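Undergrad: Contents of run_12.csv (CSV, C-alpha atoms) are given next:
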chain,number,residue,atom,x,y,z
A,1,MET,CA,196.1,112.2,87.8
A,2,ALA,CA,192.7,111.5,89.2
A,3,LEU,CA,190.4,113.9,91.0
A,4,VAL,CA,187.9,112.2,93.3
A,5,THR,CA,185.4,112.7,96.1
A,6,PRO,CA,184.2,116.3,95.4
A,7,VAL,CA,182.5,117.8,98.4
A,8,SER,CA,180.6,121.1,99.0
A,9,THR,CA,179.4,121.9,102.4
A,10,PRO,CA,176.0,123.6,102.6
A,11,TYR,CA,176.7,127.3,102.7
A,12,GLN,CA,175.5,129.6,105.5
A,13,ARG,CA,175.0,133.4,105.3
A,14,TYR,CA,176.7,133.9,108.6
A,15,SER,CA,178.4,131.5,110.9
A,16,ILE,CA,179.8,131.5,114.5
A,17,GLU,CA,182.3,128.8,113.5
A,18,THR,CA,185.9,129.5,112.5
A,19,ALA,CA,187.4,128.9,109.0
A,20,HIS,CA,189.2,125.9,110.6
A,21,TRP,CA,185.8,124.3,111.4
A,22,TRP,CA,184.5,124.8,107.8
A,23,ILE,CA,187.7,123.4,106.3
A,24,ALA,CA,187.7,120.4,108.6
A,25,LYS,CA,184.1,119.7,107.7
A,26,ALA,CA,184.8,119.6,103.9
A,27,LEU,CA,188.0,117.6,104.5
A,28,LYS,CA,186.2,115.0,106.5
A,29,GLY,CA,183.5,114.7,103.9
A,30,SER,CA,186.0,114.1,101.1
A,31,LEU,CA,188.0,111.5,103.2
A,32,ASP,CA,184.8,109.7,104.2
A,33,ALA,CA,183.7,109.5,100.6
A,34,ALA,CA,187.0,107.9,99.7
A,35,GLY,CA,187.0,105.5,102.7
A,36,LEU,CA,190.2,107.1,104.0
A,37,LYS,CA,191.4,108.2,107.4
A,38,PRO,CA,193.4,111.3,108.2
A,39,ALA,CA,196.5,109.2,108.6
A,40,ASP,CA,196.1,108.0,104.9
A,41,LEU,CA,196.6,111.6,103.7
A,42,ASP,CA,200.2,112.7,103.0
A,43,GLY,CA,199.5,115.9,101.1
A,44,PHE,CA,197.4,118.9,102.1
A,45,SER,CA,196.6,122.1,100.2
A,46,VAL,CA,194.6,125.0,101.7
A,47,ALA,CA,193.1,128.2,100.4
A,48,SER,CA,191.4,130.6,102.9
A,49,PHE,CA,191.2,134.3,103.7
A,50,THR,CA,189.9,134.0,107.3
A,51,LEU,CA,192.4,131.5,108.8
A,52,PHE,CA,194.5,134.3,110.3
A,53,PRO,CA,196.7,134.0,112.3
A,54,ASP,CA,197.0,130.4,111.1
A,55,THR,CA,198.0,129.0,107.7
A,56,ALA,CA,198.0,125.4,106.4
A,57,VAL,CA,200.8,124.8,108.9
A,58,GLY,CA,198.6,125.6,111.8
A,59,LEU,CA,195.8,123.5,110.4
A,60,THR,CA,198.0,120.4,110.5
A,61,GLN,CA,198.0,120.7,114.3
A,62,HIS,CA,194.3,121.6,114.5
A,63,LEU,CA,193.3,118.6,112.4
A,64,GLY,CA,195.8,116.1,113.5
A,65,LEU,CA,197.5,115.7,110.1
A,66,SER,CA,201.1,114.8,109.4
A,67,PRO,CA,201.6,115.4,105.6
A,68,ARG,CA,204.9,115.2,103.8
A,69,TRP,CA,203.8,117.8,101.3
A,70,LEU,CA,202.0,121.0,102.3
A,71,ASP,CA,200.8,124.1,100.4
A,72,HIS,CA,198.9,127.3,101.2
A,73,ILE,CA,197.5,129.1,98.2
A,74,PRO,CA,196.5,132.8,98.8
A,75,MET,CA,195.2,133.4,95.3
A,76,GLY,CA,191.4,133.8,95.8
A,77,GLY,CA,189.3,132.9,92.9
A,78,ALA,CA,192.2,131.3,91.0
A,79,SER,CA,193.1,129.0,93.9
A,80,GLY,CA,191.1,125.9,92.9
A,81,VAL,CA,192.9,125.3,89.6
A,82,ILE,CA,196.2,126.3,91.0
A,83,ALA,CA,195.8,123.9,93.9
A,84,LEU,CA,194.9,121.2,91.4
A,85,ARG,CA,198.0,121.9,89.3
A,86,LYS,CA,200.4,121.8,92.2
A,87,ALA,CA,198.8,118.8,93.9
A,88,ALA,CA,198.9,116.9,90.6
A,89,ARG,CA,202.6,117.7,90.2
A,90,ALA,CA,203.3,116.5,93.7
A,91,VAL,CA,201.6,113.2,93.1
A,92,GLN,CA,203.3,112.9,89.7
A,93,SER,CA,206.7,113.4,91.2
A,94,GLY,CA,206.2,111.1,94.1
A,95,ASP,CA,206.2,113.9,96.7
A,96,ALA,CA,202.8,112.7,97.9
A,97,ASP,CA,200.4,109.8,97.2
A,98,ILE,CA,197.1,111.4,98.2
A,99,VAL,CA,196.6,115.1,98.4
A,100,ALA,CA,193.5,116.9,99.8
A,101,CYS,CA,192.8,120.2,98.3
A,102,VAL,CA,190.4,122.2,100.5
A,103,SER,CA,189.2,125.8,100.6
A,104,GLY,CA,186.9,127.4,103.1
A,105,ASP,CA,186.1,130.6,105.0
A,106,THR,CA,183.8,131.7,107.7
A,107,ASN,CA,181.6,134.8,107.6
A,108,HIS,CA,180.9,136.6,110.9
A,109,ILE,CA,178.9,139.7,111.0
A,110,ASP,CA,182.0,141.9,110.6
A,111,SER,CA,184.2,139.5,108.6
A,112,PHE,CA,183.8,141.2,105.2
A,113,ARG,CA,184.7,144.7,106.4
A,114,ALA,CA,187.7,143.3,108.3
A,115,LEU,CA,188.9,141.4,105.2
A,116,LEU,CA,188.6,144.5,103.0
A,117,SER,CA,190.5,146.7,105.4
A,118,SER,CA,193.6,144.5,105.1
A,119,PHE,CA,193.1,142.7,101.8
A,120,SER,CA,196.3,144.0,100.2
A,121,ARG,CA,198.9,146.8,100.5
A,122,PHE,CA,197.1,148.5,97.6
A,123,ALA,CA,193.8,148.4,99.5
A,124,MET,CA,195.4,149.5,102.8
A,125,ASP,CA,197.3,152.4,101.2
A,126,ALA,CA,195.3,153.6,98.2
A,127,SER,CA,191.6,152.7,98.8
A,128,TYR,CA,190.5,151.9,102.3
A,129,PRO,CA,191.7,155.2,104.0
A,130,TYR,CA,189.4,157.1,101.7
A,131,GLY,CA,186.3,155.2,102.8
A,132,PHE,CA,186.4,152.9,99.8
A,133,GLY,CA,186.6,149.1,100.2
A,134,GLY,CA,185.8,146.1,98.1
A,135,PRO,CA,185.5,145.4,94.4
A,136,ASN,CA,182.1,146.9,93.6
A,137,ALA,CA,183.3,150.3,92.5
A,138,ASN,CA,186.3,148.8,90.7
A,139,PHE,CA,184.1,146.5,88.7
A,140,ALA,CA,181.5,149.1,88.1
A,141,LEU,CA,184.1,151.1,86.2
A,142,LEU,CA,185.2,147.9,84.4
A,143,THR,CA,181.6,147.0,83.5
A,144,ASP,CA,180.9,150.5,82.3
A,145,ARG,CA,183.9,150.5,80.1
A,146,TYR,CA,183.1,147.0,78.7
A,147,MET,CA,179.5,148.2,77.9
A,148,HIS,CA,181.0,151.3,76.1
A,149,GLU,CA,183.6,149.4,74.3
A,150,TYR,CA,181.6,146.4,73.1
A,151,GLY,CA,178.0,147.5,73.2
A,152,ALA,CA,176.9,145.1,75.9
A,153,THR,CA,173.7,146.0,77.9
A,154,ARG,CA,172.5,145.4,81.4
A,155,GLU,CA,170.1,143.0,79.9
A,156,ASP,CA,173.0,140.9,78.6
A,157,PHE,CA,174.6,140.7,82.0
A,158,GLY,CA,171.2,139.9,83.4
A,159,ARG,CA,170.9,136.9,81.2
A,160,ILE,CA,173.9,135.4,83.0
A,161,ALA,CA,172.5,136.1,86.4
A,162,VAL,CA,169.0,134.8,85.6
A,163,ALA,CA,170.3,131.6,84.1
A,164,GLN,CA,172.5,131.0,87.1
A,165,ARG,CA,169.6,131.5,89.4
A,166,GLU,CA,167.6,128.9,87.5
A,167,ASN,CA,170.5,126.5,87.9
A,168,ALA,CA,170.8,127.3,91.6
A,169,LEU,CA,167.2,126.4,92.2
A,170,LYS,CA,168.2,122.8,91.4
A,171,ASN,CA,171.1,123.0,93.9
A,172,PRO,CA,169.8,122.2,97.4
A,173,ASN,CA,173.0,123.9,98.9
A,174,ALA,CA,172.5,127.2,97.1
A,175,LEU,CA,171.7,130.2,99.3
A,176,MET,CA,169.4,131.8,96.7
A,177,LYS,CA,166.1,130.0,96.8
A,178,LYS,CA,163.8,132.4,94.8
A,179,PRO,CA,163.5,132.6,91.0
A,180,LEU,CA,165.0,135.7,89.4
A,181,THR,CA,163.5,137.3,86.3
A,182,LEU,CA,165.2,139.6,83.9
A,183,GLU,CA,162.8,142.4,85.0
A,184,GLN,CA,163.8,141.9,88.6
A,185,TYR,CA,167.4,142.0,87.7
A,186,ILE,CA,167.0,145.3,85.8
A,187,SER,CA,165.0,147.0,88.5
A,188,ALA,CA,167.2,145.9,91.4
A,189,ARG,CA,168.6,148.3,93.9
A,190,PRO,CA,171.7,150.2,92.5
A,191,ILE,CA,175.0,149.4,94.1
A,192,ALA,CA,177.6,151.3,92.0
A,193,ASP,CA,176.4,152.4,88.6
A,194,PRO,CA,176.0,150.3,86.4
A,195,ILE,CA,176.2,147.5,88.9
A,196,ALA,CA,173.0,146.6,90.9
A,197,LEU,CA,172.1,144.1,93.6
A,198,PHE,CA,172.0,140.9,91.5
A,199,ASP,CA,175.4,141.7,89.8
A,200,CYS,CA,177.1,141.1,93.2
A,201,VAL,CA,177.9,137.9,95.1
A,202,MET,CA,176.6,137.3,98.6
A,203,PRO,CA,179.5,136.7,101.1
A,204,CYS,CA,178.8,133.6,103.2
A,205,ALA,CA,180.5,130.8,105.1
A,206,GLY,CA,181.3,127.4,103.5
A,207,SER,CA,183.9,125.1,102.1
A,208,GLU,CA,184.8,122.9,99.2
A,209,ALA,CA,187.2,119.9,98.9
A,210,PHE,CA,188.5,117.2,96.6
A,211,LEU,CA,191.3,114.6,96.6
A,212,VAL,CA,194.1,114.1,94.1
A,213,MET,CA,195.7,110.7,93.5
A,214,THR,CA,196.9,108.5,90.7
A,215,VAL,CA,194.3,106.9,88.4
A,216,GLU,CA,195.5,103.5,89.6
A,217,GLU,CA,194.8,104.4,93.2
A,218,ALA,CA,191.3,105.7,92.3
A,219,GLN,CA,190.5,102.5,90.3
A,220,LYS,CA,191.8,100.3,93.1
A,221,ARG,CA,189.5,102.1,95.5
A,222,GLY,CA,186.5,102.0,93.1
A,223,LEU,CA,186.1,105.7,93.0
A,224,PRO,CA,184.6,107.7,90.2
A,225,TYR,CA,187.3,110.1,89.0
A,226,ALA,CA,188.0,112.9,86.6
A,227,THR,CA,191.4,113.3,84.8
A,228,ILE,CA,193.2,116.6,84.2
A,229,GLU,CA,193.5,117.1,80.4
A,230,GLY,CA,195.2,120.4,80.7
A,231,ALA,CA,195.7,123.3,83.2
A,232,ILE,CA,197.2,126.8,83.0
A,233,GLU,CA,197.8,129.8,85.3
A,234,ARG,CA,199.1,133.3,84.7
A,235,HIS,CA,199.7,136.3,87.0
A,236,ASN,CA,199.8,140.0,86.4
A,237,ALA,CA,199.1,139.6,82.7
A,238,HIS,CA,198.5,142.7,80.5
A,239,ALA,CA,199.7,145.0,83.3
A,240,SER,CA,199.9,147.9,80.9
A,241,ASP,CA,196.2,147.8,80.0
A,242,LEU,CA,194.6,151.0,81.4
A,243,ILE,CA,191.5,149.0,82.4
A,244,GLN,CA,191.2,145.3,82.5
A,245,LEU,CA,189.0,144.0,79.7
A,246,ARG,CA,191.0,140.7,79.3
A,247,GLY,CA,192.7,138.3,81.6
A,248,GLY,CA,195.7,136.1,81.7
A,249,TRP,CA,193.9,133.3,79.9
A,250,THR,CA,194.6,135.0,76.6
A,251,VAL,CA,198.3,134.3,77.0
A,252,ASP,CA,198.0,130.6,77.5
A,253,ILE,CA,194.7,129.4,76.1
A,254,ASP,CA,196.2,127.9,72.9
A,255,GLU,CA,198.5,125.8,75.1
A,256,LEU,CA,195.6,124.7,77.2
A,257,TYR,CA,193.7,123.3,74.2
A,258,GLU,CA,196.9,121.8,72.9
A,259,GLN,CA,197.5,120.0,76.2
A,260,ALA,CA,193.9,118.6,76.2
A,261,GLN,CA,193.9,117.8,72.5
A,262,CYS,CA,190.5,119.4,72.0
A,263,ALA,CA,188.8,122.7,71.0
A,264,PRO,CA,186.1,124.9,72.5
A,265,THR,CA,183.4,123.0,70.6
A,266,ASP,CA,184.4,119.8,72.5
A,267,ILE,CA,183.6,121.3,75.9
A,268,ASP,CA,180.3,120.1,77.4
A,269,LEU,CA,180.0,122.6,80.1
A,270,LEU,CA,181.8,125.7,81.4
A,271,GLN,CA,182.4,126.9,85.0
A,272,THR,CA,183.6,130.4,85.1
A,273,TYR,CA,184.6,132.5,88.1
A,274,ASP,CA,181.6,134.8,88.5
A,275,ASP,CA,182.1,137.5,91.1
A,276,TYR,CA,180.3,139.8,88.5
A,277,PRO,CA,178.6,138.9,85.2
A,278,VAL,CA,181.1,141.0,83.2
A,279,ILE,CA,183.9,138.7,84.4
A,280,SER,CA,182.1,135.7,83.1
A,281,MET,CA,181.7,137.5,79.8
A,282,MET,CA,185.5,138.2,79.7
A,283,GLN,CA,186.2,134.5,80.3
A,284,ILE,CA,183.8,133.3,77.6
A,285,GLU,CA,185.8,135.4,75.2
A,286,ASP,CA,189.3,134.8,76.5
A,287,LEU,CA,188.7,131.1,76.7
A,288,GLY,CA,187.9,131.0,73.0
A,289,PHE,CA,184.2,130.4,72.9
A,290,CYS,CA,183.7,133.6,70.9
A,291,PRO,CA,185.9,136.5,69.6
A,292,LYS,CA,186.7,139.4,71.9
A,293,GLY,CA,183.8,141.8,72.4
A,294,GLU,CA,181.2,139.3,71.2
A,295,ALA,CA,180.2,137.6,74.5
A,296,ALA,CA,177.1,139.8,74.8
A,297,GLU,CA,175.8,138.4,71.5
A,298,PHE,CA,176.9,134.9,72.7
A,299,VAL,CA,174.7,135.0,75.8
A,300,ARG,CA,171.8,136.4,73.7
A,301,THR,CA,172.0,133.4,71.4
A,302,HIS,CA,172.8,130.6,73.8
A,303,ASP,CA,170.9,128.9,76.7
A,304,LEU,CA,173.2,128.9,79.8
A,305,THR,CA,171.0,126.7,81.9
A,306,ILE,CA,171.7,123.1,82.9
A,307,SER,CA,169.5,121.7,80.0
A,308,GLY,CA,170.6,124.4,77.5
A,309,ASP,CA,173.0,124.3,74.6
A,310,PHE,CA,175.8,126.0,76.7
A,311,PRO,CA,175.6,124.8,80.3
A,312,HIS,CA,177.4,127.4,82.5
A,313,ASN,CA,177.9,127.6,86.2
A,314,THR,CA,175.6,124.7,86.8
A,315,SER,CA,175.5,124.9,90.6
A,316,GLY,CA,174.3,128.5,90.4
A,317,GLY,CA,177.9,129.8,90.8
A,318,GLN,CA,178.8,132.4,93.3
A,319,LEU,CA,176.1,134.8,92.1
A,320,SER,CA,173.3,132.4,93.3
A,321,ALA,CA,174.9,129.8,95.5
A,322,GLY,CA,177.1,132.2,97.4
A,323,GLN,CA,180.7,133.3,97.8
A,324,ALA,CA,182.3,131.5,100.7
A,325,GLY,CA,185.5,133.5,100.6
A,326,ALA,CA,188.4,131.7,98.9
A,327,ALA,CA,186.0,128.7,98.4
A,328,GLY,CA,184.6,130.8,95.6
A,329,GLY,CA,187.8,129.7,93.7
A,330,PHE,CA,186.8,126.1,94.2
A,331,ILE,CA,183.0,126.1,93.7
A,332,GLY,CA,183.2,125.7,89.9
A,333,LEU,CA,186.0,123.1,90.0
A,334,VAL,CA,184.3,120.9,92.6
A,335,GLU,CA,181.0,121.1,90.5
A,336,ALA,CA,183.0,120.2,87.4
A,337,ILE,CA,184.4,117.1,89.0
A,338,ARG,CA,180.9,116.1,90.0
A,339,GLN,CA,179.6,116.7,86.5
A,340,VAL,CA,182.1,114.7,84.5
A,341,THR,CA,181.9,111.8,87.1
A,342,ASN,CA,178.1,111.8,86.9
A,343,GLN,CA,177.7,112.7,90.5
A,344,ALA,CA,176.0,116.1,90.2
A,345,GLY,CA,172.5,114.8,91.0
A,346,SER,CA,169.9,117.5,90.5
A,347,THR,CA,172.3,119.8,88.6
A,348,GLN,CA,173.7,117.0,86.3
A,349,VAL,CA,174.2,118.0,82.6
A,350,ALA,CA,173.2,115.1,80.3
A,351,ASN,CA,176.2,113.3,78.8
A,352,ALA,CA,178.8,115.6,80.4
A,353,ASN,CA,182.2,114.2,79.7
A,354,ARG,CA,184.5,117.2,79.4
A,355,ALA,CA,184.3,120.4,81.4
A,356,MET,CA,186.3,123.6,81.5
A,357,VAL,CA,186.9,125.5,84.7
A,358,SER,CA,188.4,129.0,84.9
A,359,GLY,CA,189.5,131.0,87.9
A,360,PHE,CA,190.1,134.7,88.5
A,361,GLY,CA,191.5,136.2,91.7
A,362,MET,CA,193.0,138.8,93.9
A,363,ILE,CA,191.3,142.0,92.9
A,364,ASN,CA,194.3,144.2,93.7
A,365,TYR,CA,193.2,147.9,93.5
A,366,ASP,CA,192.1,148.0,89.9
A,367,ARG,CA,192.2,144.5,88.4
A,368,GLY,CA,192.3,140.7,89.1
A,369,VAL,CA,195.9,139.7,89.1
A,370,CYS,CA,195.6,135.9,89.0
A,371,SER,CA,194.0,133.8,86.3
A,372,SER,CA,193.8,130.0,85.8
A,373,ALA,CA,191.9,127.4,83.8
A,374,ALA,CA,191.7,123.6,83.5
A,375,ILE,CA,190.0,121.0,81.3
A,376,LEU,CA,188.7,117.9,83.0
A,377,LYS,CA,187.5,114.7,81.5
A,378,GLY,CA,185.5,111.9,83.1
A,379,GLY,CA,187.1,108.6,83.8
A,380,ALA,CA,185.7,105.1,84.7
A,381,ALA,CA,185.7,103.7,88.3
Show me this structure written as structure tokens.
TA:
Amino acid sequence: MALVTPVSTPYQRYSIETAHWWIAKALKGSLDAAGLKPADLDGFSVASFTLFPDTAVGLTQHLGLSPRWLDHIPMGGASGVIALRKAARAVQSGDADIVACVSGDTNHIDSFRALLSSFSRFAMDASYPYGFGGPNANFALLTDRYMHEYGATREDFGRIAVAQRENALKNPNALMKKPLTLEQYISARPIADPIALFDCVMPCAGSEAFLVMTVEEAQKRGLPYATIEGAIERHNAHASDLIQLRGGWTVDIDELYEQAQCAPTDIDLLQTYDDYPVISMMQIEDLGFCPKGEAAEFVRTHDLTISGDFPHNTSGGQLSAGQAGAAGGFIGLVEAIRQVTNQAGSTQVANANRAMVSGFGMINYDRGVCSSAAILKGGAA
């Protein structure tokens, strides 16, 4: 299958527009880039937190679409790769010819508090009534345990944040526009010990999109495309772990490399889901780039910037570009498509041909429940 016309809308800290508007904006951008009209689209996949009371069904009316294949994916940071997998299967089976995968959310002044209050039944029953909401405290505990277990330091996490800020400064759509030093990271305002300001993403409004079609269709239209070399997802893995220091990638990572017929050393760039630096460290380990517990040493000895020896989250990721709700599960995937099709512009990694993308989502009380990963390879138009 071919992945084409990756689009990222410029993010905004706050917006008076609805999620519908943001999703429509990204969809139009992707269709325009492919030279398609809405009527040419017969598959539609949506991920969003702030569409309520609508779902993908309601959007078909709002946007004037009439797809024969429709999907709504409420899996947060894992949604991008999961949308890709399902859309590719739909095209492969003949259920659809061209599928748009879109994710987006708005961010009003009170959006984040409202989202946290009803994020899940666990949140509604076990956390929010006690004045606690959101993942900061959860991942403070996880980060603290990771540091205790593996000897990681705040400086190690800071290296991830600082490298991503350097990458973001080359991304004109990133919200964070000022350089970040390791000293600034270490001395930042505490949020939930040991997490401080620059460990946390900035909620914002925005959207991401791409199209899925056959390679033949992409070639016929003269579109640069990426192919899916392999993709996995896993939910509620390692549920008996008292605290989450590994994700579902560990269950299926060998299968992913077998699908793609490659190894970690063949990956030119990595896009991890980065709601906190510790989660990126977990993925670096669980995806096979180093043994468990050695990601701190890995980031000490590798350059994670665009021009470095291990390009990571080249758009700046959520930590520096912003977290547009469920679009946070798409930001790395859309950037990976750009990278392997040589369309990344100012964030382009030299000779990028194979990218890995990983997703992590639905922080349900004490852990992320969903995980996903894909390997993409560049094709020829």
Undergrad: For a test of reading the model, state the distance in Å between atom CA of Gly379 of chain A and atom CA of Asp42 of chain A, rounded to one decimal.
TA: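 Atom CA of Asp42 of chain A lies 23.6 Å from atom CA of Gly379 of chain A.
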Undergrad: Got a sec: who's within 8 Å of Gln92 of chain A, counting all atoms listed in the file, leaving out chain neighbours fewer than 3 positions off, as a PyMOL selection string?
TA: chain A and resi 1+88-89+95+214
Undergrad: With all atoms listed in the file as the counted atoms, please give the residues lying no more than 8 Å from Ile306 of chain A, apart from itself and same-chain residues fewer than 3 positions off, as a ChimeraX atom specification.
TA: /A:167,310-312,314,347-349
Undergrad: Any idea what's packed within 10 Å of Lys25 of chain A, counting only C-alpha atoms, ignoring anything in its chain fewer than 2 positions away? Could you give it as a VMD selection string?
TA: chain A and resid 7 to 9 19 to 23 27 to 30 102 104 206 to 209
Undergrad: Using Å and a single decimal, report how far atom CA of Thr5 of chain A sits from atom CA of Ala352 of chain A.
TA: 17.3 Å
Undergrad: Taking only C-alpha atoms into account, name the residue in A:Tyr365, A:Phe289, A:Phe210, A:Phe157 that is nearest to Phe330 of chain A.
TA: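 Smallest distance to Phe330 of chain A is found for A:Phe210.
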Undergrad: Just checking: using only C-alpha atoms, which residue out of A:Glu216, A:Glu155, A:Glu335, A:Glu17 ends up closest to Ala2 of chain A?
TA: A:Glu216
Undergrad: Taking (180.8, 128.3, 89.6) in the coordinates of the supplied file, I want to know which residues reach to within 12 Å of it, counting all atoms listed in the file; could you give the answer as a ChimeraX atom specification?
TA: /A:8,77-78,80,160-161,164-165,167-168,171,174,201,208,269-277,280,311-324,327-337,355-360
Undergrad: Hey, can you check how far atom CA of Tyr146 of chain A sits from atom CA of Val278 of chain A?
TA: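 Answer for the atom CA of Tyr146 of chain A to atom CA of Val278 of chain A separation: 7.8 Å.
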Undergrad: Find the spatial neighbours of Thr181 of chain A, counting all atoms listed in the file, within a cut-off of 10 Å - ignore same-chain residues fewer than 5 positions away - and output them as a PyMOL selection string.
TA: chain A and resi 158-159+161-163+165-166+186
Undergrad: Give me segment 15-36 of chain A with N, CA and C atoms filled in, as a PDB file, in the frame of the given file.
TA:
ATOM      1  N   SER A  15     178.070 132.628 110.128  1.00  0.00           N
ATOM      2  CA  SER A  15     178.400 131.500 110.900  1.00  0.00           C
ATOM      3  C   SER A  15     179.214 131.921 112.165  1.00  0.00           C
ATOM      4  N   ILE A  16     178.983 131.275 113.300  1.00  0.00           N
ATOM      5  CA  ILE A  16     179.800 131.500 114.500  1.00  0.00           C
ATOM      6  C   ILE A  16     181.040 130.664 114.520  1.00  0.00           C
ATOM      7  N   GLU A  17     181.132 129.721 113.575  1.00  0.00           N
ATOM      8  CA  GLU A  17     182.300 128.800 113.500  1.00  0.00           C
ATOM      9  C   GLU A  17     183.475 129.525 112.858  1.00  0.00           C
ATOM     10  N   THR A  18     184.666 128.966 113.073  1.00  0.00           N
ATOM     11  CA  THR A  18     185.900 129.500 112.500  1.00  0.00           C
ATOM     12  C   THR A  18     186.078 128.889 111.066  1.00  0.00           C
ATOM     13  N   ALA A  19     186.996 129.478 110.316  1.00  0.00           N
ATOM     14  CA  ALA A  19     187.400 128.900 109.000  1.00  0.00           C
ATOM     15  C   ALA A  19     187.917 127.484 109.218  1.00  0.00           C
ATOM     16  N   HIS A  20     188.605 127.263 110.325  1.00  0.00           N
ATOM     17  CA  HIS A  20     189.200 125.900 110.600  1.00  0.00           C
ATOM     18  C   HIS A  20     188.054 124.883 110.635  1.00  0.00           C
ATOM     19  N   TRP A  21     186.934 125.237 111.269  1.00  0.00           N
ATOM     20  CA  TRP A  21     185.800 124.300 111.400  1.00  0.00           C
ATOM     21  C   TRP A  21     185.252 123.975 109.985  1.00  0.00           C
ATOM     22  N   TRP A  22     185.094 124.999 109.153  1.00  0.00           N
ATOM     23  CA  TRP A  22     184.500 124.800 107.800  1.00  0.00           C
ATOM     24  C   TRP A  22     185.482 123.928 106.964  1.00  0.00           C
ATOM     25  N   ILE A  23     186.763 124.203 107.045  1.00  0.00           N
ATOM     26  CA  ILE A  23     187.700 123.400 106.300  1.00  0.00           C
ATOM     27  C   ILE A  23     187.735 121.966 106.756  1.00  0.00           C
ATOM     28  N   ALA A  24     187.690 121.767 108.075  1.00  0.00           N
ATOM     29  CA  ALA A  24     187.700 120.400 108.600  1.00  0.00           C
ATOM     30  C   ALA A  24     186.426 119.651 108.156  1.00  0.00           C
ATOM     31  N   LYS A  25     185.300 120.348 108.066  1.00  0.00           N
ATOM     32  CA  LYS A  25     184.100 119.700 107.700  1.00  0.00           C
ATOM     33  C   LYS A  25     184.139 119.193 106.214  1.00  0.00           C
ATOM     34  N   ALA A  26     184.681 120.023 105.318  1.00  0.00           N
ATOM     35  CA  ALA A  26     184.800 119.600 103.900  1.00  0.00           C
ATOM     36  C   ALA A  26     185.846 118.480 103.797  1.00  0.00           C
ATOM     37  N   LEU A  27     186.960 118.605 104.519  1.00  0.00           N
ATOM     38  CA  LEU A  27     188.000 117.600 104.500  1.00  0.00           C
ATOM     39  C   LEU A  27     187.447 116.227 104.920  1.00  0.00           C
ATOM     40  N   LYS A  28     186.728 116.226 106.024  1.00  0.00           N
ATOM     41  CA  LYS A  28     186.200 115.000 106.500  1.00  0.00           C
ATOM     42  C   LYS A  28     185.195 114.364 105.505  1.00  0.00           C
ATOM     43  N   GLY A  29     184.390 115.210 104.879  1.00  0.00           N
ATOM     44  CA  GLY A  29     183.500 114.700 103.900  1.00  0.00           C
ATOM     45  C   GLY A  29     184.157 114.029 102.722  1.00  0.00           C
ATOM     46  N   SER A  30     185.257 114.638 102.274  1.00  0.00           N
ATOM     47  CA  SER A  30     186.000 114.100 101.100  1.00  0.00           C
ATOM     48  C   SER A  30     186.702 112.779 101.522  1.00  0.00           C
ATOM     49  N   LEU A  31     187.322 112.762 102.699  1.00  0.00           N
ATOM     50  CA  LEU A  31     188.000 111.500 103.200  1.00  0.00           C
ATOM     51  C   LEU A  31     186.991 110.416 103.388  1.00  0.00           C
ATOM     52  N   ASP A  32     185.853 110.728 104.001  1.00  0.00           N
ATOM     53  CA  ASP A  32     184.800 109.700 104.200  1.00  0.00           C
ATOM     54  C   ASP A  32     184.343 109.108 102.938  1.00  0.00           C
ATOM     55  N   ALA A  33     184.145 109.959 101.926  1.00  0.00           N
ATOM     56  CA  ALA A  33     183.700 109.500 100.600  1.00  0.00           C
ATOM     57  C   ALA A  33     184.651 108.539  99.969  1.00  0.00           C
ATOM     58  N   ALA A  34     185.936 108.734 100.277  1.00  0.00           N
ATOM     59  CA  ALA A  34     187.000 107.900  99.700  1.00  0.00           C
ATOM     60  C   ALA A  34     187.308 106.676 100.571  1.00  0.00           C
ATOM     61  N   GLY A  35     186.703 106.609 101.750  1.00  0.00           N
ATOM     62  CA  GLY A  35     187.000 105.500 102.700  1.00  0.00           C
ATOM     63  C   GLY A  35     188.397 105.644 103.274  1.00  0.00           C
ATOM     64  N   LEU A  36     188.850 106.877 103.471  1.00  0.00           N
ATOM     65  CA  LEU A  36     190.200 107.100 104.000  1.00  0.00           C
ATOM     66  C   LEU A  36     190.130 107.721 105.392  1.00  0.00           C
TER      67      LEU A  36
END
